[in-house]
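Coordinates from protein-v2.txt are shown below (compact mmCIF, C-alpha atoms and all ligand atoms).
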# COMPACT_ATOMS: atom_id res chain seq x y z
CA MET A 1358 31.25 -35.83 6.03
CA ASP A 1359 33.96 -33.70 7.52
CA SER A 1360 34.92 -32.37 4.09
CA PHE A 1361 31.31 -31.28 3.61
CA ALA A 1362 30.73 -29.84 7.08
CA ARG A 1363 34.07 -28.09 7.56
CA PRO A 1364 33.63 -25.42 4.82
CA LEU A 1365 30.13 -24.79 6.15
CA ILE A 1366 31.36 -24.23 9.69
CA ASP A 1367 34.27 -22.10 8.51
CA HIS A 1368 32.38 -19.88 6.10
CA VAL A 1369 28.83 -19.49 7.38
CA ARG A 1370 28.29 -16.15 9.07
CA LEU A 1371 25.50 -14.96 11.35
CA ALA A 1372 24.37 -12.71 8.49
CA ASP A 1373 23.82 -15.81 6.32
CA GLY A 1374 21.31 -17.09 8.88
CA LEU A 1375 19.50 -13.76 8.68
CA ASP A 1376 19.69 -13.92 4.88
CA ILE A 1377 18.03 -17.34 4.84
CA ALA A 1378 15.41 -16.21 7.39
CA VAL A 1379 14.36 -13.20 5.29
CA VAL A 1380 14.07 -15.27 2.11
CA ALA A 1381 12.22 -18.03 4.01
CA VAL A 1382 9.65 -15.50 5.24
CA LEU A 1383 9.17 -14.17 1.68
CA ILE A 1384 8.77 -17.70 0.29
CA TYR A 1385 6.34 -18.55 3.11
CA ILE A 1386 4.19 -15.49 2.30
CA LEU A 1387 4.20 -16.50 -1.38
CA LEU A 1388 3.24 -20.10 -0.54
CA VAL A 1389 0.40 -19.04 1.80
CA TRP A 1390 -0.86 -16.64 -0.84
CA LEU A 1391 -0.70 -19.31 -3.53
CA ARG A 1392 -2.55 -21.74 -1.27
CA ASP A 1393 -5.28 -19.37 -0.10
CA ARG A 1394 -5.86 -16.94 -2.90
CA ALA A 1395 -4.41 -17.91 -6.20
CA SER A 1396 -5.95 -20.25 -8.69
CA ARG A 1397 -4.34 -23.66 -9.15
CA SER A 1398 -3.04 -22.80 -12.62
CA LEU A 1399 -1.26 -19.70 -11.31
CA ALA A 1400 0.31 -21.77 -8.53
CA VAL A 1401 1.56 -24.26 -11.13
CA ILE A 1402 3.01 -21.43 -13.27
CA VAL A 1403 4.82 -19.79 -10.33
CA VAL A 1404 6.24 -23.08 -9.05
CA SER A 1405 7.34 -24.13 -12.58
CA LEU A 1406 9.08 -20.79 -13.14
CA GLY A 1407 10.83 -21.16 -9.78
CA VAL A 1408 12.04 -24.67 -10.63
CA LEU A 1409 13.15 -23.55 -14.12
CA PHE A 1410 15.13 -20.69 -12.62
CA LEU A 1411 16.84 -22.99 -10.12
CA ILE A 1412 17.79 -25.42 -12.90
CA ALA A 1413 19.01 -22.56 -15.13
CA ARG A 1414 21.23 -21.22 -12.36
CA TRP A 1415 22.55 -24.63 -11.50
CA LEU A 1416 23.43 -25.54 -15.09
CA ASP A 1417 24.55 -21.98 -15.96
CA LEU A 1418 22.03 -21.56 -18.78
CA PHE A 1419 23.06 -17.99 -19.55
CA LEU A 1420 20.30 -17.15 -22.03
CA THR A 1421 17.57 -18.41 -19.71
CA ILE A 1422 19.07 -16.54 -16.77
CA MET A 1423 19.20 -13.36 -18.87
CA ALA A 1424 15.54 -13.84 -19.81
CA PHE A 1425 14.68 -14.17 -16.12
CA ARG A 1426 16.82 -11.20 -15.15
CA TYR A 1427 15.24 -8.84 -17.67
CA GLY A 1428 11.80 -10.39 -17.44
CA ILE A 1429 11.61 -10.21 -13.66
CA VAL A 1430 11.08 -6.43 -13.48
CA GLY A 1431 8.28 -6.59 -16.03
CA LEU A 1432 6.84 -9.62 -14.26
CA LEU A 1433 6.89 -7.85 -10.89
CA LEU A 1434 5.17 -4.79 -12.36
CA ALA A 1435 2.58 -6.99 -14.05
CA MET A 1436 1.97 -8.85 -10.79
CA VAL A 1437 1.49 -5.60 -8.86
CA VAL A 1438 -1.06 -4.44 -11.45
CA VAL A 1439 -2.89 -7.79 -11.73
CA PHE A 1440 -2.91 -8.54 -8.01
CA GLN A 1441 -3.34 -5.03 -6.65
CA GLN A 1442 -6.58 -6.13 -4.95
CA ASP A 1443 -4.77 -8.95 -3.15
CA ILE A 1444 -1.89 -6.71 -2.13
CA ARG A 1445 -4.33 -4.12 -0.77
CA HIS A 1446 -6.28 -6.79 1.08
CA GLY A 1447 -3.04 -8.13 2.52
CA PHE A 1448 -2.18 -4.71 3.93
CA GLU A 1449 -5.73 -4.22 5.14
CA ARG A 1450 -5.60 -7.56 6.92
CA LEU A 1451 -2.30 -6.57 8.46
CA THR A 1452 -3.62 -3.25 9.72
CA SER A 1453 -6.81 -4.84 11.00
CA THR A 1454 -4.96 -7.10 13.43
CA ARG A 1455 -5.29 -6.22 17.08
CA TRP A 1456 -1.90 -4.60 17.38
CA PHE A 1457 -2.72 -2.03 14.73
CA ARG A 1458 -6.39 -1.68 15.51
CA GLY A 1459 -6.15 -0.82 19.20
CA VAL A 1460 -9.39 -1.10 21.13
CA SER A 1461 -11.73 0.82 18.80
CA ASP A 1462 -13.20 -2.35 17.22
CA ALA A 1463 -13.59 -4.24 20.44
CA ARG A 1464 -17.36 -4.40 20.16
CA PRO A 1465 -19.08 -7.24 22.02
CA SER A 1466 -20.49 -9.94 19.72
CA HIS A 1467 -23.92 -9.99 21.38
CA ARG A 1468 -24.51 -6.38 20.27
CA THR A 1469 -23.77 -7.33 16.67
CA VAL A 1470 -26.00 -10.42 16.95
CA ASP A 1471 -28.83 -8.28 18.41
CA THR A 1472 -28.44 -5.67 15.67
CA ILE A 1473 -28.53 -8.25 12.87
CA THR A 1474 -31.41 -10.23 14.39
CA GLN A 1475 -33.48 -7.10 14.93
CA THR A 1476 -32.79 -5.81 11.41
CA VAL A 1477 -33.54 -9.15 9.73
CA THR A 1478 -36.77 -9.52 11.78
CA ASP A 1479 -37.91 -6.03 10.77
CA LEU A 1480 -37.05 -6.64 7.12
CA ALA A 1481 -39.03 -9.89 7.16
CA LYS A 1482 -42.01 -8.13 8.78
CA ASP A 1483 -41.86 -5.38 6.16
CA ARG A 1484 -41.45 -7.95 3.36
CA ILE A 1485 -38.16 -6.55 2.20
CA GLY A 1486 -35.88 -9.12 0.57
CA ALA A 1487 -32.34 -9.46 1.94
CA LEU A 1488 -29.34 -11.74 1.69
CA LEU A 1489 -26.51 -11.77 4.25
CA VAL A 1490 -23.32 -13.82 4.05
CA PHE A 1491 -21.24 -14.74 7.11
CA PRO A 1492 -17.96 -16.34 6.06
CA ASN A 1493 -16.40 -19.13 8.06
CA ARG A 1494 -12.94 -20.67 7.67
CA GLN A 1495 -12.98 -21.16 3.91
CA PRO A 1496 -12.14 -18.15 1.71
CA LEU A 1497 -15.09 -17.03 -0.41
CA ASP A 1498 -13.30 -14.94 -3.00
CA LEU A 1499 -13.65 -17.52 -5.71
CA HIS A 1500 -17.43 -17.77 -5.15
CA LEU A 1501 -18.41 -14.12 -4.74
CA GLN A 1502 -18.66 -11.89 -7.76
CA GLY A 1503 -19.14 -8.19 -8.29
CA GLY A 1504 -20.13 -6.14 -5.29
CA VAL A 1505 -19.23 -2.75 -3.93
CA GLU A 1506 -16.80 -2.33 -1.08
CA VAL A 1507 -18.34 -0.77 2.03
CA ASP A 1508 -16.20 -1.56 5.08
CA ALA A 1509 -18.48 0.00 7.68
CA GLN A 1510 -19.54 -0.91 11.19
CA ILE A 1511 -22.77 -2.90 11.26
CA SER A 1512 -25.83 -0.87 12.20
CA GLU A 1513 -29.58 -1.27 11.78
CA PRO A 1514 -30.05 1.91 9.72
CA LEU A 1515 -27.20 1.00 7.39
CA LEU A 1516 -28.42 -2.56 6.76
CA LYS A 1517 -31.99 -1.32 6.22
CA SER A 1518 -30.84 1.37 3.80
CA ILE A 1519 -28.84 -1.19 1.83
CA PHE A 1520 -31.82 -3.53 1.39
CA HIS A 1521 -34.41 -0.79 0.86
CA PRO A 1522 -36.05 -1.68 -2.49
CA LYS A 1523 -35.32 1.83 -3.81
CA SER A 1524 -31.65 1.63 -2.87
CA PRO A 1525 -29.43 1.06 -5.91
CA GLY A 1526 -27.41 -1.48 -3.90
CA HIS A 1527 -30.29 -3.64 -2.65
CA ASP A 1528 -29.80 -6.35 -5.29
CA GLY A 1529 -27.46 -9.14 -4.28
CA ALA A 1530 -25.90 -10.05 -0.95
CA VAL A 1531 -23.96 -8.24 1.76
CA LEU A 1532 -20.81 -9.79 3.16
CA ILE A 1533 -20.41 -9.44 6.92
CA GLN A 1534 -17.10 -10.05 8.58
CA GLY A 1535 -16.96 -9.72 12.35
CA HIS A 1536 -18.62 -6.44 13.22
CA ARG A 1537 -18.32 -4.90 9.80
CA ILE A 1538 -20.22 -4.88 6.54
CA VAL A 1539 -17.46 -5.56 4.04
CA SER A 1540 -19.37 -5.21 0.77
CA LEU A 1541 -22.81 -5.16 -0.80
CA GLY A 1542 -24.40 -6.15 -4.11
CA LEU A 1543 -22.51 -9.45 -4.24
CA HIS A 1544 -23.51 -12.12 -6.69
CA LEU A 1545 -23.53 -15.67 -5.27
CA PRO A 1546 -23.42 -18.96 -7.17
CA LEU A 1547 -26.85 -20.54 -7.64
CA THR A 1548 -27.64 -24.04 -6.47
CA THR A 1549 -28.39 -26.67 -9.04
CA ARG A 1550 -30.80 -28.41 -6.67
CA PHE A 1551 -33.72 -26.11 -7.31
CA ASP A 1552 -36.14 -28.66 -5.84
CA GLN A 1553 -35.18 -27.59 -2.30
CA VAL A 1554 -35.68 -23.87 -3.05
CA PRO A 1555 -39.08 -22.44 -2.10
CA ASP A 1556 -40.93 -21.30 -5.25
CA GLY A 1557 -37.68 -21.69 -7.19
CA GLY A 1558 -36.68 -18.13 -6.28
CA THR A 1559 -33.17 -17.00 -7.15
CA ARG A 1560 -32.42 -15.27 -3.81
CA HIS A 1561 -32.89 -18.55 -1.96
CA ALA A 1562 -31.17 -20.48 -4.75
CA ALA A 1563 -28.17 -18.17 -4.27
CA ALA A 1564 -28.20 -18.73 -0.48
CA ALA A 1565 -28.28 -22.50 -1.01
CA GLY A 1566 -25.61 -22.30 -3.75
CA LEU A 1567 -23.04 -20.57 -1.56
CA ALA A 1568 -23.85 -22.84 1.39
CA GLU A 1569 -23.20 -25.85 -0.86
CA CYS A 1570 -19.77 -24.81 -2.07
CA SER A 1571 -18.45 -23.28 1.16
CA ASP A 1572 -18.85 -23.41 4.93
CA ALA A 1573 -20.39 -19.92 5.04
CA LEU A 1574 -23.61 -19.15 6.88
CA VAL A 1575 -26.16 -17.40 4.66
CA VAL A 1576 -29.34 -15.67 5.82
CA ALA A 1577 -32.09 -14.89 3.30
CA VAL A 1578 -35.19 -12.81 3.93
CA SER A 1579 -38.08 -13.51 1.58
CA GLU A 1580 -39.77 -10.54 0.02
CA GLU A 1581 -42.81 -12.62 -0.96
CA ARG A 1582 -43.35 -14.70 2.18
CA GLY A 1583 -41.74 -12.55 4.87
CA THR A 1584 -39.76 -15.54 6.15
CA ILE A 1585 -36.20 -15.84 7.40
CA THR A 1586 -34.21 -18.71 5.91
CA LEU A 1587 -30.84 -19.93 7.05
CA ALA A 1588 -28.56 -21.76 4.64
CA GLN A 1589 -25.65 -23.81 5.89
CA ASP A 1590 -23.92 -26.94 4.60
CA GLY A 1591 -26.13 -26.85 1.52
CA GLN A 1592 -29.36 -27.03 3.55
CA LEU A 1593 -32.08 -24.38 3.68
CA LYS A 1594 -34.16 -24.02 6.84
CA VAL A 1595 -36.89 -21.49 7.60
CA ILE A 1596 -36.29 -20.20 11.11
CA GLU A 1597 -37.80 -17.84 13.68
CA PRO A 1598 -35.96 -14.74 14.95
CA ALA A 1599 -35.10 -16.51 18.23
CA GLU A 1600 -33.34 -19.31 16.37
CA LEU A 1601 -31.56 -16.78 14.15
CA ALA A 1602 -30.23 -15.07 17.29
CA SER A 1603 -28.98 -18.35 18.71
CA ARG A 1604 -27.37 -19.49 15.42
CA LEU A 1605 -25.67 -16.12 15.00
CA GLY A 1606 -24.59 -16.23 18.65
CA LYS A 1607 -22.98 -19.61 18.06
CA TYR A 1608 -21.38 -18.37 14.83
CA TYR A 1609 -19.79 -15.36 16.57
CA HIS A 1610 -18.76 -17.51 19.48
CA ASP A 1611 -17.01 -19.95 17.10
CA GLN A 1612 -15.40 -17.06 15.25
CA ASN A 1613 -13.98 -15.71 18.49
CA ASP A 1614 -12.64 -19.17 19.28
CA VAL A 1615 -10.98 -19.34 15.87
CA ASP A 1616 -9.48 -15.86 16.39
CA GLN A 1617 -8.35 -16.82 19.85
CA SER A 1618 -6.83 -20.11 18.77
CA ASN A 1619 -5.18 -18.44 15.77
CA ARG A 1620 -3.52 -16.09 18.20
CA THR A 1621 -2.51 -18.70 20.73
CA ARG A 1622 -2.07 -21.82 18.64
CA ARG A 1623 1.62 -22.39 18.20
CA ASP A 1624 1.68 -23.19 14.52
CA PRO A 1625 -1.09 -23.90 12.09
CA ASN A 1626 1.22 -24.12 9.08
CA TRP A 1627 4.23 -26.19 10.00
CA GLY A 1628 4.35 -27.94 6.63
CA LEU A 1629 4.51 -24.71 4.63
CA LYS A 1630 7.00 -23.18 7.03
CA LEU A 1631 9.33 -26.15 6.71
CA VAL A 1632 9.03 -26.05 2.91
CA ALA A 1633 9.84 -22.30 2.95
CA ILE A 1634 12.89 -22.82 5.19
CA ALA A 1635 14.07 -25.76 3.04
CA LEU A 1636 13.69 -23.77 -0.20
CA ALA A 1637 15.45 -20.72 1.27
CA THR A 1638 18.32 -22.85 2.57
CA LEU A 1639 18.62 -24.70 -0.75
CA SER A 1640 18.66 -21.43 -2.70
CA TRP A 1641 21.28 -19.98 -0.37
CA TRP A 1642 23.41 -23.09 -0.72
CA LEU A 1643 23.08 -23.10 -4.51
CA PHE A 1644 23.57 -19.40 -5.14
CA ALA A 1645 25.02 -17.63 -2.15
CA PHE A 1646 27.30 -20.10 -0.40
CA GLN A 1647 30.82 -19.94 -1.75
CA THR A 1648 34.03 -21.02 -0.16
CA ASP A 1649 36.35 -19.77 -2.92
CA THR A 1650 38.33 -16.63 -2.22
CA VAL A 1651 38.54 -14.20 -5.11
CA GLN A 1652 41.06 -11.38 -5.57
CA ARG A 1653 40.24 -8.33 -7.69
CA THR A 1654 42.00 -5.05 -8.41
CA PHE A 1655 40.18 -1.74 -8.87
CA VAL A 1656 41.28 1.73 -9.85
CA VAL A 1657 39.88 4.11 -7.24
CA PRO A 1658 39.98 7.91 -7.26
CA ILE A 1659 41.93 9.91 -4.69
CA GLU A 1660 39.82 12.75 -3.33
CA PHE A 1661 40.89 15.77 -1.30
CA ARG A 1662 38.39 16.89 1.30
CA ASN A 1663 38.23 20.13 3.26
CA LEU A 1664 41.00 21.80 1.27
CA PRO A 1665 41.75 24.98 3.25
CA GLU A 1666 40.67 28.19 1.59
CA GLY A 1667 43.44 29.87 -0.37
CA PHE A 1668 45.41 26.62 -0.79
CA GLN A 1669 45.79 24.10 -3.56
CA VAL A 1670 47.44 20.70 -3.99
CA ALA A 1671 50.60 21.20 -5.97
CA ASP A 1672 51.53 19.08 -8.95
CA PRO A 1673 52.26 16.26 -9.34
CA LYS A 1674 48.82 15.71 -7.93
CA PRO A 1675 47.95 11.99 -7.64
CA THR A 1676 44.45 11.23 -8.85
CA TYR A 1677 44.14 7.45 -8.82
CA ALA A 1678 45.31 4.48 -6.75
CA GLU A 1679 45.17 0.78 -7.53
CA LEU A 1680 43.35 -1.18 -4.88
CA THR A 1681 43.48 -4.99 -4.56
CA LEU A 1682 40.77 -6.67 -2.49
CA SER A 1683 40.16 -10.29 -1.65
CA GLY A 1684 37.18 -12.17 -0.24
CA PRO A 1685 34.14 -14.29 -1.17
CA GLU A 1686 32.67 -13.77 -4.64
CA ASN A 1687 29.33 -12.67 -3.20
CA ALA A 1688 30.88 -9.74 -1.41
CA PHE A 1689 32.14 -8.52 -4.79
CA THR A 1690 28.66 -8.92 -6.28
CA LEU A 1691 27.25 -6.52 -3.69
CA LEU A 1692 30.17 -4.11 -4.04
CA ASP A 1693 29.72 -0.80 -5.84
CA PRO A 1694 33.21 0.09 -7.13
CA VAL A 1695 32.17 3.70 -7.82
CA GLU A 1696 31.71 4.26 -4.08
CA MET A 1697 35.28 3.31 -3.15
CA THR A 1698 37.82 6.15 -2.76
CA VAL A 1699 41.06 7.09 -1.12
CA SER A 1700 39.81 10.09 0.82
CA LEU A 1701 42.36 12.56 2.21
CA ASP A 1702 41.06 15.05 4.76
CA LEU A 1703 43.15 18.23 4.53
CA ARG A 1704 41.32 20.30 7.12
CA GLY A 1705 43.33 22.20 9.73
CA THR A 1706 46.26 23.10 7.51
CA ASP A 1707 46.97 26.83 7.40
CA ARG A 1708 50.42 27.02 5.90
CA PRO A 1709 52.27 25.48 2.97
CA SER A 1710 53.29 21.93 3.83
CA VAL A 1711 54.40 18.58 2.43
CA THR A 1712 52.78 15.54 4.06
CA THR A 1713 53.12 11.80 3.50
CA TRP A 1714 49.82 9.91 3.45
CA HIS A 1715 49.41 6.11 3.78
CA THR A 1716 46.71 5.36 1.23
CA ALA A 1717 45.54 2.13 2.89
CA ASN A 1718 44.54 4.11 6.01
CA HIS A 1719 42.23 6.39 4.04
CA LEU A 1720 40.10 3.96 2.05
CA THR A 1721 36.34 4.50 2.23
CA ASN A 1722 33.32 2.27 1.54
CA ILE A 1723 35.18 -1.04 1.53
CA PRO A 1724 32.75 -3.88 2.54
CA ARG A 1725 33.66 -5.55 5.81
CA GLU A 1726 33.75 -9.00 4.19
CA LEU A 1727 36.61 -7.94 1.91
CA THR A 1728 40.26 -7.68 2.89
CA THR A 1729 42.57 -5.02 1.49
CA GLU A 1730 45.56 -6.83 0.01
CA ALA A 1731 47.41 -3.87 -1.45
CA VAL A 1732 47.10 -0.22 -2.45
CA VAL A 1733 49.47 1.19 -5.06
CA PRO A 1734 50.99 3.66 -4.39
CA GLU A 1735 51.36 2.71 -0.75
CA THR A 1736 52.17 6.28 0.24
CA ILE A 1737 51.66 9.60 -1.50
CA LEU A 1738 53.32 12.93 -0.93
CA ILE A 1739 50.90 15.85 -0.86
CA SER A 1740 52.29 19.32 -1.15
CA LEU A 1741 49.94 22.14 -0.13
CA GLN A 1742 50.72 25.60 -1.38
CA PRO A 1743 48.87 28.91 -1.57
CA SER A 1744 46.60 29.12 -4.61
CA GLY A 1745 48.08 30.86 -7.58
CA GLU A 1746 51.70 29.88 -6.83
CA ILE A 1747 53.27 27.87 -9.57
CA ALA A 1748 55.01 24.68 -8.47
CA PRO A 1749 58.76 24.71 -9.06
N1 LIG A 1801 -27.00 -15.02 -7.68
C1 LIG A 1801 -27.48 -14.12 -6.84
N2 LIG A 1801 -26.69 -13.63 -5.85
C2 LIG A 1801 -27.16 -12.73 -4.98
N3 LIG A 1801 -28.42 -12.28 -4.99
C3 LIG A 1801 -29.25 -12.72 -5.95
C4 LIG A 1801 -28.83 -13.66 -6.92
N4 LIG A 1801 -29.86 -13.92 -7.72
C5 LIG A 1801 -30.89 -13.16 -7.29
N5 LIG A 1801 -30.55 -12.45 -6.21
C6 LIG A 1801 -31.38 -11.52 -5.45
O1 LIG A 1801 -32.66 -12.05 -5.40
C7 LIG A 1801 -33.57 -11.16 -5.94
C8 LIG A 1801 -34.61 -11.87 -6.71
O2 LIG A 1801 -35.28 -12.72 -5.84
P1 LIG A 1801 -36.34 -13.77 -6.32
O3 LIG A 1801 -37.70 -13.18 -6.10
O4 LIG A 1801 -36.04 -14.31 -7.67
O5 LIG A 1801 -35.99 -14.89 -5.33
P2 LIG A 1801 -36.76 -15.55 -4.12
O6 LIG A 1801 -35.85 -16.60 -3.60
O7 LIG A 1801 -38.13 -15.95 -4.56
O8 LIG A 1801 -36.84 -14.38 -3.07
P3 LIG A 1801 -38.15 -13.65 -2.49
O9 LIG A 1801 -38.85 -14.70 -1.67
O10 LIG A 1801 -37.55 -12.57 -1.68
O11 LIG A 1801 -38.93 -13.19 -3.68
C9 LIG A 1801 -32.77 -10.26 -6.84
O12 LIG A 1801 -33.38 -9.00 -6.94
C10 LIG A 1801 -31.47 -10.19 -6.15
O13 LIG A 1801 -31.48 -9.16 -5.16

Kindly transcribe the structure held in the file into structure tokens.
Amino acid sequence: MDSFARPLIDHVRLADGLDIAVVAVLIYILLVWLRDRASRSLAVIVVSLGVLFLIARWLDLFLTIMAFRYGIVGLLLAMVVVFQQDIRHGFERLTSTRWFRGVSDARPSHRTVDTITQTVTDLAKDRIGALLVFPNRQPLDLHLQGGVEVDAQISEPLLKSIFHPKSPGHDGAVLIQGHRIVSLGLHLPLTTRFDQVPDGGTRHAAAAGLAECSDALVVAVSEERGTITLAQDGQLKVIEPAELASRLGKYYHDQNDVDQSNRTRRDPNWGLKLVAIALATLSWWLFAFQTDTVQRTFVVPIEFRNLPEGFQVADPKPTYAELTLSGPENAFTLLDPVEMTVSLDLRGTDRPSVTTWHTANHLTNIPRELTTEAVVPETILISLQPSGEIAP
């Protein structure tokens, strides 16, 4: 036990904790996305690729690792193109949280309920067909097709213009989220139980269809009968405006509760978070944790900075030094050898001079995790002389 724990205690740095935390957050985002948005087959592909990569790294399967290394850039680009909608929605969701939104969207729910009830009542009176979807906890993306993005604050004139029979967007359903109309012209899945649909109409079949396969609340206004129908849990029910107001009131009340509890509830996703932390820790242990100390030697250039005007470095002018560093292998992986120099600052000299410089004191861009073992030459003699003079 001690032989296992000791290297851990000796070699784990605070930065490693941060490293694991960052990767755990990224894995958690990926897992949440896979759970909520991606199809099951995509989830299986992503998880299988992840497992294959872990095995390849563990067993040092060089060809497979190379395929991953070169394929990953293409894969990332392909994912950005294929999932650009999801990425955009993710950012939109982020910017629509309270912190980013400020107080501008803090509209009371009863005003939205009144607006929708009044609009739906008027549409029913005027025999104008309409279909409104109010999502609940379950995501609807897999059930809704087509549609045009709107993202506008709910208002009576806007809803009436959308469902006006001459409006090009009146066909299909509108999706309402909170106080906003998210999109219009959406195509919903039809129910297969046509017996419960009045006159077998497709608008009501669509309302029932979505209410069967999700927990959404759907409101349909009949063009032919001038009735208001509410669909929930797969059931259709013709209702009066007063009942619509009370059902919508309850819906918005529940939504606020969900929002509130999402904000205050300590953790709705413990399982996924633990999996993300476990995967990040495992990956770090497999790929990043190393107790071996490696020593490597590099040839680094010697540069002269702020050479006074009218002076030059006389020959023999040293141009390279040999630098030996030691430390964990990972620190070498992150190292860019081109950045390392022996940098001599010659400013302030105004007459010919010969100075001894200790090269180790003038190294630049050496990572903190690495130790300088040796620099050859240890010292160099720099002779400054006026330009144009030939060295003896
Ligand atoms: N799958 C669907 N998703 C969303 N809207 C749909 C769908 N199918 C039909 N609609 C809408 O329903 C309209 C046709 O309604 P239809 O008359 O067939 O149904 P209905 O239930 O009898 O409604 P109404 O009583 O208003 O006539 C279409 O013009 C379209 O706007």

Query raised in the report: Hey, what's within 7 Å of range 1493-1510 of chain A if we count only C-alpha atoms and toss same-chain stuff fewer than 3 positions away? As a list in words, please?
Result: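 Within the cut-off, the hits are His1536, Arg1537, Ile1538, Val1539, Ser1540, Leu1541, Gly1542, Leu1543, His1544, Leu1545, Pro1546, Ser1571, Asp1572 and Ala1573 of chain A.
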
Report task. Have a look at A:Thr1559, A:Thr1638, A:Asn1626, A:Gln1742 and name the one nearest to ligand LIG 1801 (chain A); count all atoms listed in the file. Result ->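 Comparing A:Thr1559, A:Thr1638, A:Asn1626, A:Gln1742 against ligand LIG 1801 (chain A), the winner is A:Thr1559.
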
Report summary line: Between CA of Pro1514 in chain A and CA of His1467 in chain A lies a distance of 17.8 Å

Proximity check chain A to ligand LIG 1801 (chain A), 6 Å, nearest pairs one decimal Å, all atoms listed in the file, as a tab-separated table:
residue	atom	partner	partner_atom	distance
A:Gly1486	CA	A:LIG1801	O10	4.4
A:Asp1528	CA	A:LIG1801	O13	3.3
A:Gly1529	CA	A:LIG1801	N3	3.4
A:Ala1530	CA	A:LIG1801	C2	5.0
A:Leu1543	CA	A:LIG1801	C2	5.7
A:His1544	CA	A:LIG1801	N2	3.6
A:Leu1545	CA	A:LIG1801	N2	3.8
A:Pro1546	CA	A:LIG1801	N1	5.3
A:Leu1547	CA	A:LIG1801	N1	5.5
A:Gly1558	CA	A:LIG1801	O7	3.1
A:Thr1559	CA	A:LIG1801	O5	4.0
A:Arg1560	CA	A:LIG1801	O1	3.6
A:His1561	CA	A:LIG1801	O6	3.9
A:Ala1563	CA	A:LIG1801	N1	4.8
A:Ser1579	CA	A:LIG1801	O10	3.4
A:Glu1580	CA	A:LIG1801	O10	3.5
A:Glu1581	CA	A:LIG1801	O9	4.5
A:Arg1582	CA	A:LIG1801	O9	5.9

Report task. Enter the distance from CA of Ile1739 in chain A to CA of Pro1724 in chain A, in Å, rounded to one decimal. Result ->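 Result for CA of Ile1739 in chain A versus CA of Pro1724 in chain A: 27.0 Å, one decimal.
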
Report summary line: The distance between CA of Arg1653 in chain A and CA of Asp1693 in chain A is 13.1 Å

Query raised in the report: Near Arg1708 in chain A, within 9 Å and counting all atoms listed in the file, which residues show up once chain neighbours fewer than 5 positions away are dropped, as a PyMOL selection string?
Result: chain A and resi 1668+1741-1743

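For Leu1605 in chain A, the residues within 7 Å (counting all atoms listed in the file, excluding itself and residues fewer than 4 positions away along the chain) are Val1470, Leu1601 and Tyr1609 of chain A.
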
Query - Who sits within 6 Å of range 1729-1736 of chain A, all atoms listed in the file, same chain under 2 positions skipped, as a list in words - result: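 So, after excluding close chain neighbours, the residues are Ala1678, Glu1679, Leu1680, Thr1681, Leu1682, Trp1714, His1715 and Thr1716 of chain A.
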
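Contact shell of Gln1669 in chain A at 12 Å (only C-alpha atoms; same-chain neighbours under 5 positions omitted): Phe1661, Arg1662, Asn1663, Leu1664, Lys1674, Leu1703, Thr1706, Asp1707, Arg1708, Pro1709, Ser1710, Val1711, Ile1739, Ser1740, Leu1741, Gln1742, Pro1743, Ser1744, Gly1745, Glu1746, Ile1747 and Ala1748 of chain A.
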
Query raised in the report: Which one of A:Thr1476, A:Thr1469, A:Gln1553, A:Thr1712 sits closest to Gly1591 in chain A if you count all atoms listed in the file?
Result: A:Gln1553
